[in-house]
$ cat run.tsv   # TSV, C-alpha atoms
chain	number	residue	atom	x	y	z
C	1	MET	CA	-60.98	-9.27	-22.33
C	2	ASN	CA	-58.74	-6.17	-22.00
C	3	THR	CA	-58.62	-3.92	-25.05
C	4	ALA	CA	-56.67	-0.75	-25.67
C	5	PRO	CA	-58.82	2.41	-25.71
C	6	ALA	CA	-59.58	4.13	-29.01
C	7	LEU	CA	-57.76	7.44	-28.94
C	8	SER	CA	-58.73	10.45	-31.06
C	9	LEU	CA	-55.15	11.75	-30.65
C	10	LYS	CA	-52.78	9.11	-31.94
C	11	PRO	CA	-49.31	8.58	-30.43
C	12	ARG	CA	-46.66	9.80	-32.85
C	13	THR	CA	-43.23	8.26	-33.35
C	14	TYR	CA	-40.60	10.94	-34.06
C	15	LEU	CA	-38.11	8.87	-36.04
C	16	GLY	CA	-35.92	11.87	-36.90
C	17	VAL	CA	-35.50	12.79	-33.25
C	18	LEU	CA	-34.81	9.15	-32.34
C	19	ALA	CA	-32.15	8.97	-35.06
C	20	VAL	CA	-30.41	12.12	-33.77
C	21	LEU	CA	-30.64	10.78	-30.21
C	22	GLY	CA	-28.99	7.59	-31.41
C	23	VAL	CA	-26.15	9.58	-33.01
C	24	ALA	CA	-25.66	11.60	-29.81
C	25	HIS	CA	-25.58	8.36	-27.82
C	26	PHE	CA	-23.06	7.02	-30.33
C	27	LEU	CA	-20.74	9.97	-29.74
C	28	ASN	CA	-21.16	9.81	-25.95
C	29	ASP	CA	-20.36	6.11	-25.74
C	30	LEU	CA	-17.52	6.38	-28.26
C	31	MET	CA	-15.75	8.76	-25.90
C	32	GLN	CA	-16.47	6.52	-22.91
C	33	SER	CA	-15.19	3.44	-24.71
C	34	LEU	CA	-11.78	5.01	-25.18
C	35	ILE	CA	-11.11	4.39	-21.48
C	36	PRO	CA	-11.01	0.55	-21.56
C	37	ALA	CA	-9.60	0.66	-25.10
C	38	ILE	CA	-6.36	2.27	-23.87
C	39	TYR	CA	-5.86	-0.11	-20.93
C	40	PRO	CA	-3.09	-2.13	-22.62
C	41	ILE	CA	-1.28	1.14	-23.42
C	42	ILE	CA	-1.44	2.69	-19.96
C	43	GLN	CA	-0.72	-0.64	-18.28
C	44	ARG	CA	2.69	-0.69	-19.92
C	45	SER	CA	3.31	3.05	-19.52
C	46	TYR	CA	2.44	3.18	-15.82
C	47	GLU	CA	3.29	-0.46	-14.91
C	48	LEU	CA	-0.23	-1.18	-13.60
C	49	ASP	CA	-1.50	-4.51	-12.33
C	50	PHE	CA	-4.99	-5.89	-13.05
C	51	ALA	CA	-6.37	-4.62	-9.73
C	52	GLN	CA	-5.35	-1.07	-10.65
C	53	ILE	CA	-6.95	-1.48	-14.07
C	54	GLY	CA	-10.13	-2.63	-12.35
C	55	LEU	CA	-9.97	0.41	-10.05
C	56	ILE	CA	-9.90	2.73	-13.07
C	57	THR	CA	-13.07	1.08	-14.34
C	58	LEU	CA	-14.63	1.23	-10.87
C	59	THR	CA	-13.86	4.96	-10.55
C	60	PHE	CA	-15.36	5.69	-13.96
C	61	GLN	CA	-18.42	3.53	-13.38
C	62	ILE	CA	-19.12	4.81	-9.87
C	63	ALA	CA	-18.86	8.44	-11.04
C	64	GLY	CA	-21.22	7.52	-13.85
C	65	SER	CA	-23.72	5.77	-11.58
C	66	LEU	CA	-24.11	7.72	-8.34
C	67	LEU	CA	-25.47	10.90	-9.93
C	68	GLN	CA	-27.79	9.28	-12.47
C	69	PRO	CA	-30.74	8.43	-10.18
C	70	LEU	CA	-30.46	11.87	-8.53
C	71	VAL	CA	-30.46	13.59	-11.92
C	72	GLY	CA	-33.43	11.42	-12.92
C	73	VAL	CA	-35.45	12.34	-9.82
C	74	TYR	CA	-34.73	16.04	-10.39
C	75	THR	CA	-35.71	15.97	-14.08
C	76	ASP	CA	-38.92	14.03	-13.31
C	77	ARG	CA	-39.99	17.12	-11.35
C	78	ARG	CA	-38.26	19.77	-13.46
C	79	PRO	CA	-37.49	18.59	-16.99
C	80	ALA	CA	-34.11	19.92	-18.13
C	81	PRO	CA	-33.91	19.42	-21.91
C	82	TYR	CA	-30.45	21.00	-22.15
C	83	SER	CA	-28.86	19.08	-19.28
C	84	PRO	CA	-27.21	16.55	-21.66
C	85	VAL	CA	-25.27	19.46	-23.17
C	86	ILE	CA	-23.86	20.21	-19.70
C	87	GLY	CA	-22.93	16.55	-19.40
C	88	MET	CA	-20.89	16.84	-22.58
C	89	VAL	CA	-18.88	19.69	-21.06
C	90	PHE	CA	-17.75	17.31	-18.30
C	91	THR	CA	-16.94	14.61	-20.86
C	92	LEU	CA	-14.86	17.02	-22.95
C	93	SER	CA	-12.95	18.13	-19.85
C	94	GLY	CA	-12.31	14.53	-18.86
C	95	LEU	CA	-10.97	13.60	-22.29
C	96	LEU	CA	-8.53	16.49	-22.24
C	97	ALA	CA	-7.42	15.56	-18.73
C	98	LEU	CA	-6.94	11.93	-19.74
C	99	ALA	CA	-4.97	12.88	-22.85
C	100	PHE	CA	-2.39	14.76	-20.80
C	101	ALA	CA	-2.53	12.82	-17.52
C	102	GLY	CA	0.95	12.24	-16.14
C	103	SER	CA	0.15	10.00	-13.19
C	104	TYR	CA	-2.20	7.24	-12.07
C	105	ALA	CA	-4.07	9.69	-9.80
C	106	ALA	CA	-4.61	12.07	-12.72
C	107	ILE	CA	-6.04	9.19	-14.76
C	108	LEU	CA	-8.56	8.46	-12.00
C	109	VAL	CA	-9.66	12.12	-11.90
C	110	ALA	CA	-10.01	12.22	-15.69
C	111	VAL	CA	-12.16	9.09	-15.93
C	112	ALA	CA	-14.32	10.38	-13.06
C	113	LEU	CA	-15.07	13.54	-15.09
C	114	ILE	CA	-16.09	11.43	-18.08
C	115	GLY	CA	-18.31	9.32	-15.82
C	116	ILE	CA	-20.02	12.43	-14.40
C	117	GLY	CA	-20.70	13.62	-17.95
C	118	SER	CA	-22.37	10.33	-18.79
C	119	SER	CA	-24.45	10.42	-15.60
C	120	ILE	CA	-25.91	13.77	-16.63
C	121	PHE	CA	-26.49	12.69	-20.25
C	122	HIS	CA	-28.49	9.48	-19.81
C	123	PRO	CA	-31.59	10.32	-17.70
C	124	GLU	CA	-32.89	13.17	-19.85
C	125	ALA	CA	-31.89	11.44	-23.09
C	126	THR	CA	-33.83	8.35	-21.95
C	127	ARG	CA	-36.89	10.53	-21.24
C	128	MET	CA	-36.69	12.02	-24.72
C	129	ALA	CA	-36.48	8.56	-26.31
C	130	ARG	CA	-39.57	7.55	-24.33
C	131	TYR	CA	-41.53	10.64	-25.36
C	132	ALA	CA	-40.51	10.39	-29.02
C	133	ALA	CA	-41.37	6.68	-29.24
C	134	GLY	CA	-45.15	6.90	-29.50
C	135	GLY	CA	-46.37	3.30	-29.25
C	136	ARG	CA	-43.07	1.79	-30.48
C	137	GLN	CA	-41.11	1.70	-27.26
C	138	GLY	CA	-38.96	-1.28	-28.21
C	139	LEU	CA	-37.94	0.29	-31.51
C	140	ALA	CA	-37.17	3.61	-29.79
C	141	GLN	CA	-35.02	2.09	-27.07
C	142	GLY	CA	-33.41	-0.19	-29.65
C	143	MET	CA	-32.42	2.81	-31.80
C	144	PHE	CA	-31.14	4.65	-28.74
C	145	GLN	CA	-29.20	1.61	-27.59
C	146	VAL	CA	-27.75	0.73	-30.98
C	147	GLY	CA	-26.22	4.19	-31.15
C	148	GLY	CA	-24.55	3.76	-27.77
C	149	GLN	CA	-23.42	0.21	-28.43
C	150	ALA	CA	-21.99	1.10	-31.85
C	151	GLY	CA	-20.09	4.01	-30.31
C	152	GLY	CA	-18.77	1.72	-27.61
C	153	ALA	CA	-17.64	-0.75	-30.24
C	154	LEU	CA	-15.70	1.86	-32.20
C	155	GLY	CA	-13.45	2.73	-29.24
C	156	PRO	CA	-11.10	-0.26	-29.71
C	157	VAL	CA	-10.79	0.52	-33.44
C	158	CYS	CA	-9.83	4.13	-32.64
C	159	ALA	CA	-7.31	2.82	-30.12
C	160	ALA	CA	-5.79	0.41	-32.64
C	161	LEU	CA	-5.61	2.88	-35.54
C	162	ILE	CA	-4.98	6.20	-33.77
C	163	ILE	CA	-4.05	6.00	-30.09
C	164	VAL	CA	-1.60	3.06	-30.25
C	165	PRO	CA	0.57	4.60	-33.02
C	166	LEU	CA	0.21	8.24	-31.88
C	167	GLY	CA	0.13	7.85	-28.13
C	168	GLN	CA	-2.03	8.96	-25.22
C	169	PRO	CA	-2.13	12.70	-26.20
C	170	SER	CA	-4.08	11.78	-29.35
C	171	LEU	CA	-7.13	11.32	-27.08
C	172	ALA	CA	-7.51	15.12	-27.26
C	173	TRP	CA	-8.60	14.78	-30.89
C	174	PHE	CA	-11.81	13.11	-29.75
C	175	THR	CA	-13.02	16.29	-28.07
C	176	ALA	CA	-14.40	17.07	-31.53
C	177	ALA	CA	-16.97	14.30	-30.85
C	178	ALA	CA	-18.03	16.10	-27.66
C	179	LEU	CA	-18.50	19.36	-29.55
C	180	ALA	CA	-20.58	17.63	-32.24
C	181	ALA	CA	-22.72	15.97	-29.57
C	182	MET	CA	-23.37	19.35	-27.94
C	183	LEU	CA	-24.77	20.70	-31.21
C	184	LEU	CA	-27.03	17.67	-31.71
C	185	LEU	CA	-28.27	17.71	-28.12
C	186	GLY	CA	-29.00	21.45	-28.37
C	187	TRP	CA	-31.23	20.73	-31.38
C	188	ILE	CA	-32.97	17.90	-29.51
C	189	GLY	CA	-33.56	20.21	-26.55
C	190	ARG	CA	-35.39	22.63	-28.82
C	191	GLN	CA	-37.65	19.83	-30.10
C	192	GLN	CA	-38.50	18.54	-26.65
C	193	ALA	CA	-41.14	21.16	-25.79
C	194	ALA	CA	-43.40	20.24	-28.74
C	195	ILE	CA	-42.89	16.51	-28.28
C	196	SER	CA	-43.59	16.75	-24.55
C	197	ARG	CA	-46.85	18.61	-25.22
C	198	HIS	CA	-48.00	15.90	-27.63
C	199	PHE	CA	-46.98	13.17	-25.17
C	200	ALA	CA	-48.87	14.92	-22.34
C	201	ALA	CA	-51.98	15.31	-24.50
C	202	VAL	CA	-52.02	11.59	-25.32
C	203	ARG	CA	-51.48	10.74	-21.64
C	204	ALA	CA	-54.33	13.08	-20.63
C	205	GLU	CA	-56.73	11.42	-23.06
C	206	LEU	CA	-55.59	7.98	-22.00
C	207	ALA	CA	-56.16	8.98	-18.36
C	208	GLY	CA	-59.86	9.11	-19.15
C	209	HIS	CA	-59.80	5.34	-19.62
C	210	GLN	CA	-58.75	4.43	-16.09
C	211	ALA	CA	-59.30	0.71	-16.62
C	212	SER	CA	-56.64	0.69	-19.33
C	213	LEU	CA	-53.89	2.19	-17.18
C	214	PRO	CA	-51.64	-0.11	-15.14
C	215	ARG	CA	-51.73	0.18	-11.37
C	216	HIS	CA	-49.13	-2.11	-9.87
C	217	ALA	CA	-48.97	-3.06	-6.22
C	218	THR	CA	-45.97	-1.91	-4.22
C	219	SER	CA	-44.88	-5.52	-3.75
C	220	THR	CA	-45.04	-6.13	-7.51
C	221	ILE	CA	-42.88	-3.06	-8.18
C	222	ALA	CA	-40.39	-4.02	-5.46
C	223	VAL	CA	-40.01	-7.64	-6.61
C	224	GLY	CA	-39.74	-6.57	-10.24
C	225	LEU	CA	-37.02	-3.99	-9.59
C	226	VAL	CA	-35.00	-6.34	-7.36
C	227	VAL	CA	-35.08	-9.15	-9.93
C	228	LEU	CA	-34.20	-6.76	-12.76
C	229	THR	CA	-31.27	-5.42	-10.70
C	230	LEU	CA	-29.90	-8.92	-10.09
C	231	LEU	CA	-30.25	-9.79	-13.77
C	232	MET	CA	-28.44	-6.57	-14.67
C	233	PHE	CA	-25.60	-7.44	-12.31
C	234	SER	CA	-25.04	-10.88	-13.87
C	235	LYS	CA	-25.27	-9.43	-17.39
C	236	ASN	CA	-22.90	-6.55	-16.64
C	237	ALA	CA	-20.40	-8.69	-14.75
C	238	TYR	CA	-20.05	-10.94	-17.79
C	239	GLY	CA	-19.91	-7.99	-20.19
C	240	GLU	CA	-17.31	-6.21	-18.06
C	241	SER	CA	-15.02	-9.24	-18.23
C	242	PHE	CA	-14.77	-8.46	-21.95
C	243	ARG	CA	-14.75	-4.67	-21.92
C	244	SER	CA	-11.93	-4.49	-19.36
C	245	PHE	CA	-9.96	-7.73	-19.77
C	246	TYR	CA	-10.69	-9.35	-23.14
C	247	THR	CA	-7.65	-7.82	-24.84
C	248	PHE	CA	-5.39	-9.09	-22.03
C	249	TYR	CA	-6.96	-12.55	-22.35
C	250	LEU	CA	-6.33	-12.67	-26.10
C	251	ILE	CA	-2.76	-11.40	-25.75
C	252	GLU	CA	-1.90	-13.89	-22.98
C	253	ARG	CA	-3.66	-16.96	-24.34
C	254	PHE	CA	-3.22	-16.58	-28.09
C	255	GLY	CA	-0.24	-14.19	-28.33
C	256	LEU	CA	-2.11	-11.51	-30.28
C	257	THR	CA	-0.72	-8.00	-30.72
C	258	ILE	CA	-2.50	-5.05	-29.09
C	259	PRO	CA	-4.08	-3.84	-32.39
C	260	ALA	CA	-5.27	-7.37	-33.24
C	261	SER	CA	-6.81	-7.83	-29.80
C	262	GLN	CA	-8.53	-4.43	-30.12
C	263	MET	CA	-10.11	-5.51	-33.42
C	264	MET	CA	-11.40	-8.69	-31.75
C	265	LEU	CA	-12.92	-6.52	-29.02
C	266	PHE	CA	-14.51	-4.38	-31.72
C	267	LEU	CA	-16.29	-7.44	-33.15
C	268	PHE	CA	-17.56	-8.37	-29.71
C	269	LEU	CA	-18.89	-4.88	-29.05
C	270	MET	CA	-20.50	-4.52	-32.49
C	271	ALA	CA	-22.52	-7.61	-31.65
C	272	SER	CA	-23.89	-5.56	-28.71
C	273	ALA	CA	-25.15	-2.92	-31.12
C	274	ALA	CA	-26.95	-5.44	-33.30
C	275	GLY	CA	-28.33	-7.31	-30.28
C	276	ALA	CA	-29.71	-4.15	-28.67
C	277	LEU	CA	-31.67	-3.18	-31.79
C	278	ILE	CA	-32.91	-6.70	-32.51
C	279	GLY	CA	-33.95	-7.22	-28.90
C	280	GLY	CA	-35.91	-3.96	-28.83
C	281	ILE	CA	-37.81	-4.74	-32.03
C	282	ILE	CA	-38.58	-8.36	-31.10
C	283	GLY	CA	-39.61	-7.27	-27.60
C	284	ASP	CA	-42.41	-5.16	-29.16
C	285	ARG	CA	-43.71	-8.34	-30.79
C	286	ILE	CA	-43.28	-11.14	-28.27
C	287	GLY	CA	-43.16	-9.25	-24.96
C	288	ARG	CA	-40.41	-8.10	-22.60
C	289	HIS	CA	-40.68	-11.09	-20.30
C	290	ARG	CA	-39.77	-13.59	-23.02
C	291	ILE	CA	-36.88	-11.50	-24.34
C	292	ILE	CA	-35.38	-11.22	-20.84
C	293	TRP	CA	-35.56	-15.00	-20.40
C	294	ILE	CA	-33.93	-15.67	-23.76
C	295	SER	CA	-31.21	-13.03	-23.56
C	296	VAL	CA	-29.95	-13.67	-20.03
C	297	LEU	CA	-30.19	-17.47	-19.79
C	298	GLY	CA	-29.86	-18.32	-23.49
C	299	PRO	CA	-26.08	-17.76	-23.84
C	300	LEU	CA	-25.21	-20.28	-21.07
C	301	PRO	CA	-24.16	-23.21	-23.34
C	302	LEU	CA	-21.92	-20.87	-25.36
C	303	THR	CA	-20.29	-19.26	-22.30
C	304	LEU	CA	-19.47	-22.69	-20.87
C	305	ILE	CA	-17.64	-23.68	-24.09
C	306	LEU	CA	-15.80	-20.36	-24.59
C	307	PRO	CA	-12.86	-20.83	-22.14
C	308	TYR	CA	-11.81	-24.01	-23.97
C	309	ALA	CA	-12.16	-22.77	-27.58
C	310	ASP	CA	-9.34	-21.97	-30.02
C	311	LEU	CA	-8.84	-18.47	-31.44
C	312	PHE	CA	-11.29	-18.84	-34.34
C	313	TRP	CA	-14.10	-20.24	-32.21
C	314	THR	CA	-13.35	-17.74	-29.46
C	315	GLY	CA	-14.18	-14.98	-31.94
C	316	VAL	CA	-17.33	-16.73	-33.17
C	317	LEU	CA	-18.59	-17.57	-29.68
C	318	THR	CA	-17.99	-14.11	-28.23
C	319	VAL	CA	-19.98	-12.51	-31.05
C	320	MET	CA	-22.84	-14.99	-30.63
C	321	ILE	CA	-22.88	-14.57	-26.84
C	322	ASN	CA	-23.01	-10.80	-26.94
C	323	LEU	CA	-25.55	-10.75	-29.76
C	324	VAL	CA	-27.98	-12.63	-27.54
C	325	MET	CA	-27.03	-11.08	-24.20
C	326	ALA	CA	-27.22	-7.46	-25.44
C	327	SER	CA	-30.84	-7.94	-26.50
C	328	ALA	CA	-31.88	-7.75	-22.82
C	329	PHE	CA	-31.23	-4.14	-21.95
C	330	ALA	CA	-34.00	-2.42	-23.92
C	331	SER	CA	-36.55	-4.90	-22.55
C	332	ILE	CA	-35.27	-4.54	-18.98
C	333	LEU	CA	-35.49	-0.75	-19.23
C	334	ILE	CA	-39.00	-0.73	-20.75
C	335	TYR	CA	-40.19	-3.36	-18.25
C	336	ALA	CA	-39.01	-1.09	-15.42
C	337	MET	CA	-40.72	1.93	-17.02
C	338	GLU	CA	-43.97	-0.02	-17.19
C	339	LEU	CA	-43.66	-0.77	-13.48
C	340	LEU	CA	-43.23	2.98	-12.75
C	341	PRO	CA	-44.69	4.77	-15.80
C	342	ASN	CA	-44.61	8.23	-14.16
C	343	ARG	CA	-40.95	8.09	-13.11
C	344	ILE	CA	-39.15	7.89	-16.45
C	345	GLY	CA	-36.19	10.02	-15.39
C	346	LEU	CA	-35.69	7.98	-12.23
C	347	ILE	CA	-35.83	4.68	-14.12
C	348	GLY	CA	-33.47	5.93	-16.81
C	349	GLY	CA	-31.03	7.24	-14.22
C	350	LEU	CA	-31.35	4.15	-12.03
C	351	PHE	CA	-30.81	1.55	-14.73
C	352	TYR	CA	-28.11	3.39	-16.65
C	353	GLY	CA	-26.57	4.07	-13.25
C	354	LEU	CA	-26.80	0.37	-12.48
C	355	ASN	CA	-25.09	-0.34	-15.78
C	356	PHE	CA	-22.15	1.80	-14.65
C	357	GLY	CA	-22.08	0.98	-10.96
C	358	LEU	CA	-22.53	-2.78	-11.22
C	359	GLY	CA	-20.08	-2.95	-14.10
C	360	GLY	CA	-17.50	-1.06	-12.05
C	361	ILE	CA	-17.91	-3.34	-9.03
C	362	ALA	CA	-17.58	-6.38	-11.28
C	363	ALA	CA	-14.43	-4.98	-12.91
C	364	ALA	CA	-12.78	-4.42	-9.53
C	365	ILE	CA	-13.63	-7.95	-8.37
C	366	LEU	CA	-12.52	-9.55	-11.64
C	367	GLY	CA	-9.29	-7.53	-11.65
C	368	GLY	CA	-8.37	-8.88	-8.22
C	369	MET	CA	-9.28	-12.39	-9.35
C	370	ALA	CA	-7.08	-12.05	-12.44
C	371	ASP	CA	-4.10	-11.00	-10.30
C	372	SER	CA	-4.62	-13.91	-7.89
C	373	TYR	CA	-5.66	-16.76	-10.18
C	374	GLY	CA	-4.83	-15.67	-13.73
C	375	ILE	CA	-6.84	-14.11	-16.53
C	376	GLU	CA	-8.07	-17.46	-17.90
C	377	ALA	CA	-9.61	-18.34	-14.52
C	378	VAL	CA	-11.72	-15.19	-14.81
C	379	TYR	CA	-13.39	-16.50	-17.96
C	380	ARG	CA	-13.95	-19.96	-16.50
C	381	PHE	CA	-15.68	-18.34	-13.53
C	382	CYS	CA	-17.73	-15.92	-15.65
C	383	SER	CA	-18.97	-18.75	-17.87
C	384	PHE	CA	-21.49	-19.67	-15.13
C	385	LEU	CA	-22.92	-16.16	-14.69
C	386	PRO	CA	-25.78	-16.62	-17.19
C	387	LEU	CA	-27.29	-19.12	-14.72
C	388	ALA	CA	-28.62	-16.01	-12.98
C	389	GLY	CA	-31.14	-15.84	-15.82
C	390	LEU	CA	-33.21	-18.36	-13.83
C	391	LEU	CA	-34.19	-15.42	-11.63
C	392	ALA	CA	-36.46	-14.27	-14.47
C	393	TRP	CA	-38.88	-16.90	-13.16
C	394	PHE	CA	-39.71	-14.47	-10.32
C	395	LEU	CA	-40.46	-11.48	-12.56
C	396	PRO	CA	-44.09	-10.40	-12.11
C	397	ARG	CA	-46.21	-10.77	-15.22
C	398	ILE	CA	-47.51	-7.25	-15.80
C	399	GLU	CA	-50.40	-6.34	-18.07
C	400	HIS	CA	-48.36	-4.57	-20.73
C	401	ASP	CA	-45.89	-7.43	-21.09
C	402	ARG	CA	-47.65	-9.03	-24.04
C	403	PRO	CA	-47.59	-8.36	-27.77
C	404	GLY	CA	-49.62	-5.40	-28.84
C	405	ALA	CA	-50.41	-4.26	-25.33
C	406	ALA	CA	-47.85	-1.52	-24.82
C	407	ALA	CA	-49.37	1.77	-23.87
C	408	PRO	CA	-48.50	4.78	-26.00
C	409	GLY	CA	-46.09	6.30	-23.53
$ encode --input "run.tsv" --output "structure tokens"
Amino acid sequence: MNTAPALSLKPRTYLGVLAVLGVAHFLNDLMQSLIPAIYPIIQRSYELDFAQIGLITLTFQIAGSLLQPLVGVYTDRRPAPYSPVIGMVFTLSGLLALAFAGSYAAILVAVALIGIGSSIFHPEATRMARYAAGGRQGLAQGMFQVGGQAGGALGPVCAALIIVPLGQPSLAWFTAAALAAMLLLGWIGRQQAAISRHFAAVRAELAGHQASLPRHATSTIAVGLVVLTLLMFSKNAYGESFRSFYTFYLIERFGLTIPASQMMLFLFLMASAAGALIGGIIGDRIGRHRIIWISVLGPLPLTLILPYADLFWTGVLTVMINLVMASAFASILIYAMELLPNRIGLIGGLFYGLNFGLGGIAAAILGGMADSYGIEAVYRFCSFLPLAGLLAWFLPRIEHDRPGAAAPG
């Protein structure tokens, strides 16, 4: 029977730091979410088709994905606690450029700057959440995720209440969020040295109990990462159909106004915030493997009904779908960290990068499909994507994927 070693130095959960990290993630993702939130506005202003809308998302997501694994590899070797502050400088610059962009090309440059800022933010912020978690990894990633998801959900509300009536230049007002995030991330950077020392001390003591530490075969790591990547693609492809095209779907099918469609998108995205936190907490109790099964495959009956529902049930179903589906990310991220426990920056950069890159590819594909076959056909096609959850069958069962077995860092 495997038992956890008795440690004289107990892992400590820094809830205050996790809360501030969640707020910083909230501000970061709020600024990002303004990009898809203004799609209906810029589509009319610049006479864009759905393929061009998808290309904006692809540009943003690719810029936000390519650098993340590289930043993660670098910070694994040389921790850079203040690098998220630098990322916010890029985000601030991108927001200003987007606010005053006068052409489609300028829009692409602006969203690329915002994507680069996000790519610098996530790897080191993920490391800090891991270090500050102690033995409550699911709670820590849930708090970190709920901040980001809540910020992402607020973007459509800001678009409906501020950007639609005041116009594209009002985006410049949101640079105040970037400045606030810089202050918070500077404070977190100052805390990181002490937290890292405590984390290293616990790891050093735990290293004396070699039997308790996971040693996964290369084949196990490879299979696990490939399956997780495929699950992420199916999850992000479905989610991107909403982030980029849900407002267009509601306007075309049900005749909603832009502000009304933005509020519907807000409800969908708020379900992501709740799902991320719930999934992280439950994952600590029942194991990552079970949560991944439930969250990726579970929404299938609801997604199959959605394209044929009326307006009321469309709202209900989209909230229920995202509530369940969003619960996967924290468990996928922690599962990957347990496969490679010494490469936290790489895993954070890789999987946040995958979130961006795979989402961008999906948006480009779905945009072309919407132009060719209509926006409703996109949702009929996407309704089958949760079938990819069957791939969870091939996930290796690793030692720490059971209740109470998570190592303290």
$ residues_around --input "run.tsv" --residues "range 303-318 of chain C" --least-positions-apart "5" --cutoff "10 Å" --atoms "all atoms listed in the file" --output "list in words"
Tyr238, Phe242, Leu250, Arg253, Phe254, Leu256, Met264, Leu265, Leu267, Phe268, Leu269, Ala271, Gly298, Leu323, Glu376, Ala377, Val378, Tyr379, Arg380, Phe381, Cys382, Ser383, Phe384, Leu385 and Pro386 of chain C
$ residues_around --input "run.tsv" --residues "range 171-175 of chain C" --least-positions-apart "2" --cutoff "8 Å" --atoms "only C-alpha atoms" --output "PyMOL selection string"
chain C and resi 31+92+95-96+98-99+163+168-169+177-179
$ residues_around --input "run.tsv" --residues "Gly280 in chain C" --least-positions-apart "4" --cutoff "7 Å" --atoms "only C-alpha atoms" --output "list in words"
Gly138, Leu139, Gln141, Gly142, Ala276, Asp284, Ser327, Ala330 and Ser331 of chain C
$ atom_distance --input "run.tsv" --atom1 "CA of Gln149 in chain C" --atom2 "CA of Gly117 in chain C"
17.2 Å
$ atom_distance --input "run.tsv" --atom1 "CA of Gln52 in chain C" --atom2 "CA of Phe266 in chain C"
23.2 Å
$ closest_residue --input "run.tsv" --among "C:Trp187, C:Phe144, C:Trp293, C:Phe248" --to "Ile38 in chain C" --atoms "all atoms listed in the file"
C:Phe248
$ closest_residue --input "run.tsv" --among "C:Ser93, C:Gln68, C:Gln61, C:Ser272" --to "Gly345 in chain C" --atoms "only C-alpha atoms"
C:Gln68
$ residues_around --input "run.tsv" --residues "range 332-343 of chain C" --least-positions-apart "6" --cutoff "7 Å" --atoms "all atoms listed in the file" --output "short mmCIF file (atom, residue, chain, number, x, y, z; two decimals) with C-alpha atoms, keeping the file's coordinate frame"
data_model
loop_
_atom_site.label_atom_id
_atom_site.label_comp_id
_atom_site.auth_asym_id
_atom_site.auth_seq_id
_atom_site.Cartn_x
_atom_site.Cartn_y
_atom_site.Cartn_z
CA ASP C 76 -38.92 14.03 -13.31
CA HIS C 216 -49.13 -2.11 -9.87
CA ILE C 221 -42.88 -3.06 -8.18
CA LEU C 225 -37.02 -3.99 -9.59
CA LEU C 228 -34.20 -6.76 -12.76
CA ARG C 288 -40.41 -8.10 -22.60
CA ILE C 292 -35.38 -11.22 -20.84
CA PHE C 351 -30.81 1.55 -14.73
#
$ residues_near_point --input "run.tsv" --point "(-23.4, -9.1, -13.9)" --cutoff "12 Å" --atoms "only C-alpha atoms" --output "number ranges by chain"
C: 228-242, 296, 325, 354-363, 365-366, 382-389
$ closest_residue --input "run.tsv" --among "C:Gly189, C:Gly64, C:Gly147, C:Gly155" --to "Gly115 in chain C" --atoms "all atoms listed in the file"
C:Gly64
$ closest_residue --input "run.tsv" --among "C:Leu18, C:Ile56, C:Ala37, C:Ala110" --to "Val164 in chain C" --atoms "all atoms listed in the file"
C:Ala37
$ closest_residue --input "run.tsv" --among "C:Arg190, C:Arg243, C:His122, C:Arg397" --to "Leu70 in chain C" --atoms "only C-alpha atoms"
C:His122
$ closest_residue --input "run.tsv" --among "C:Pro123, C:Gly16, C:Gly151, C:Pro156" --to "Ile258 in chain C" --atoms "all atoms listed in the file"
C:Pro156
$ residues_around --input "run.tsv" --residues "Ala24 in chain C" --least-positions-apart "2" --cutoff "9 Å" --atoms "only C-alpha atoms" --output "mmCIF file with C-alpha atoms, in the coordinates of the input"
data_model
loop_
_atom_site.group_PDB
_atom_site.id
_atom_site.type_symbol
_atom_site.label_atom_id
_atom_site.label_comp_id
_atom_site.auth_asym_id
_atom_site.auth_seq_id
_atom_site.Cartn_x
_atom_site.Cartn_y
_atom_site.Cartn_z
ATOM 1 C CA ALA C 19 -32.150 8.970 -35.060
ATOM 2 C CA VAL C 20 -30.410 12.120 -33.770
ATOM 3 C CA LEU C 21 -30.640 10.780 -30.210
ATOM 4 C CA GLY C 22 -28.990 7.590 -31.410
ATOM 5 C CA PHE C 26 -23.060 7.020 -30.330
ATOM 6 C CA LEU C 27 -20.740 9.970 -29.740
ATOM 7 C CA ASN C 28 -21.160 9.810 -25.950
ATOM 8 C CA ASP C 29 -20.360 6.110 -25.740
ATOM 9 C CA PHE C 144 -31.140 4.650 -28.740
ATOM 10 C CA GLY C 147 -26.220 4.190 -31.150
ATOM 11 C CA GLY C 148 -24.550 3.760 -27.770
ATOM 12 C CA ALA C 180 -20.580 17.630 -32.240
ATOM 13 C CA ALA C 181 -22.720 15.970 -29.570
ATOM 14 C CA MET C 182 -23.370 19.350 -27.940
ATOM 15 C CA LEU C 184 -27.030 17.670 -31.710
ATOM 16 C CA LEU C 185 -28.270 17.710 -28.120
#
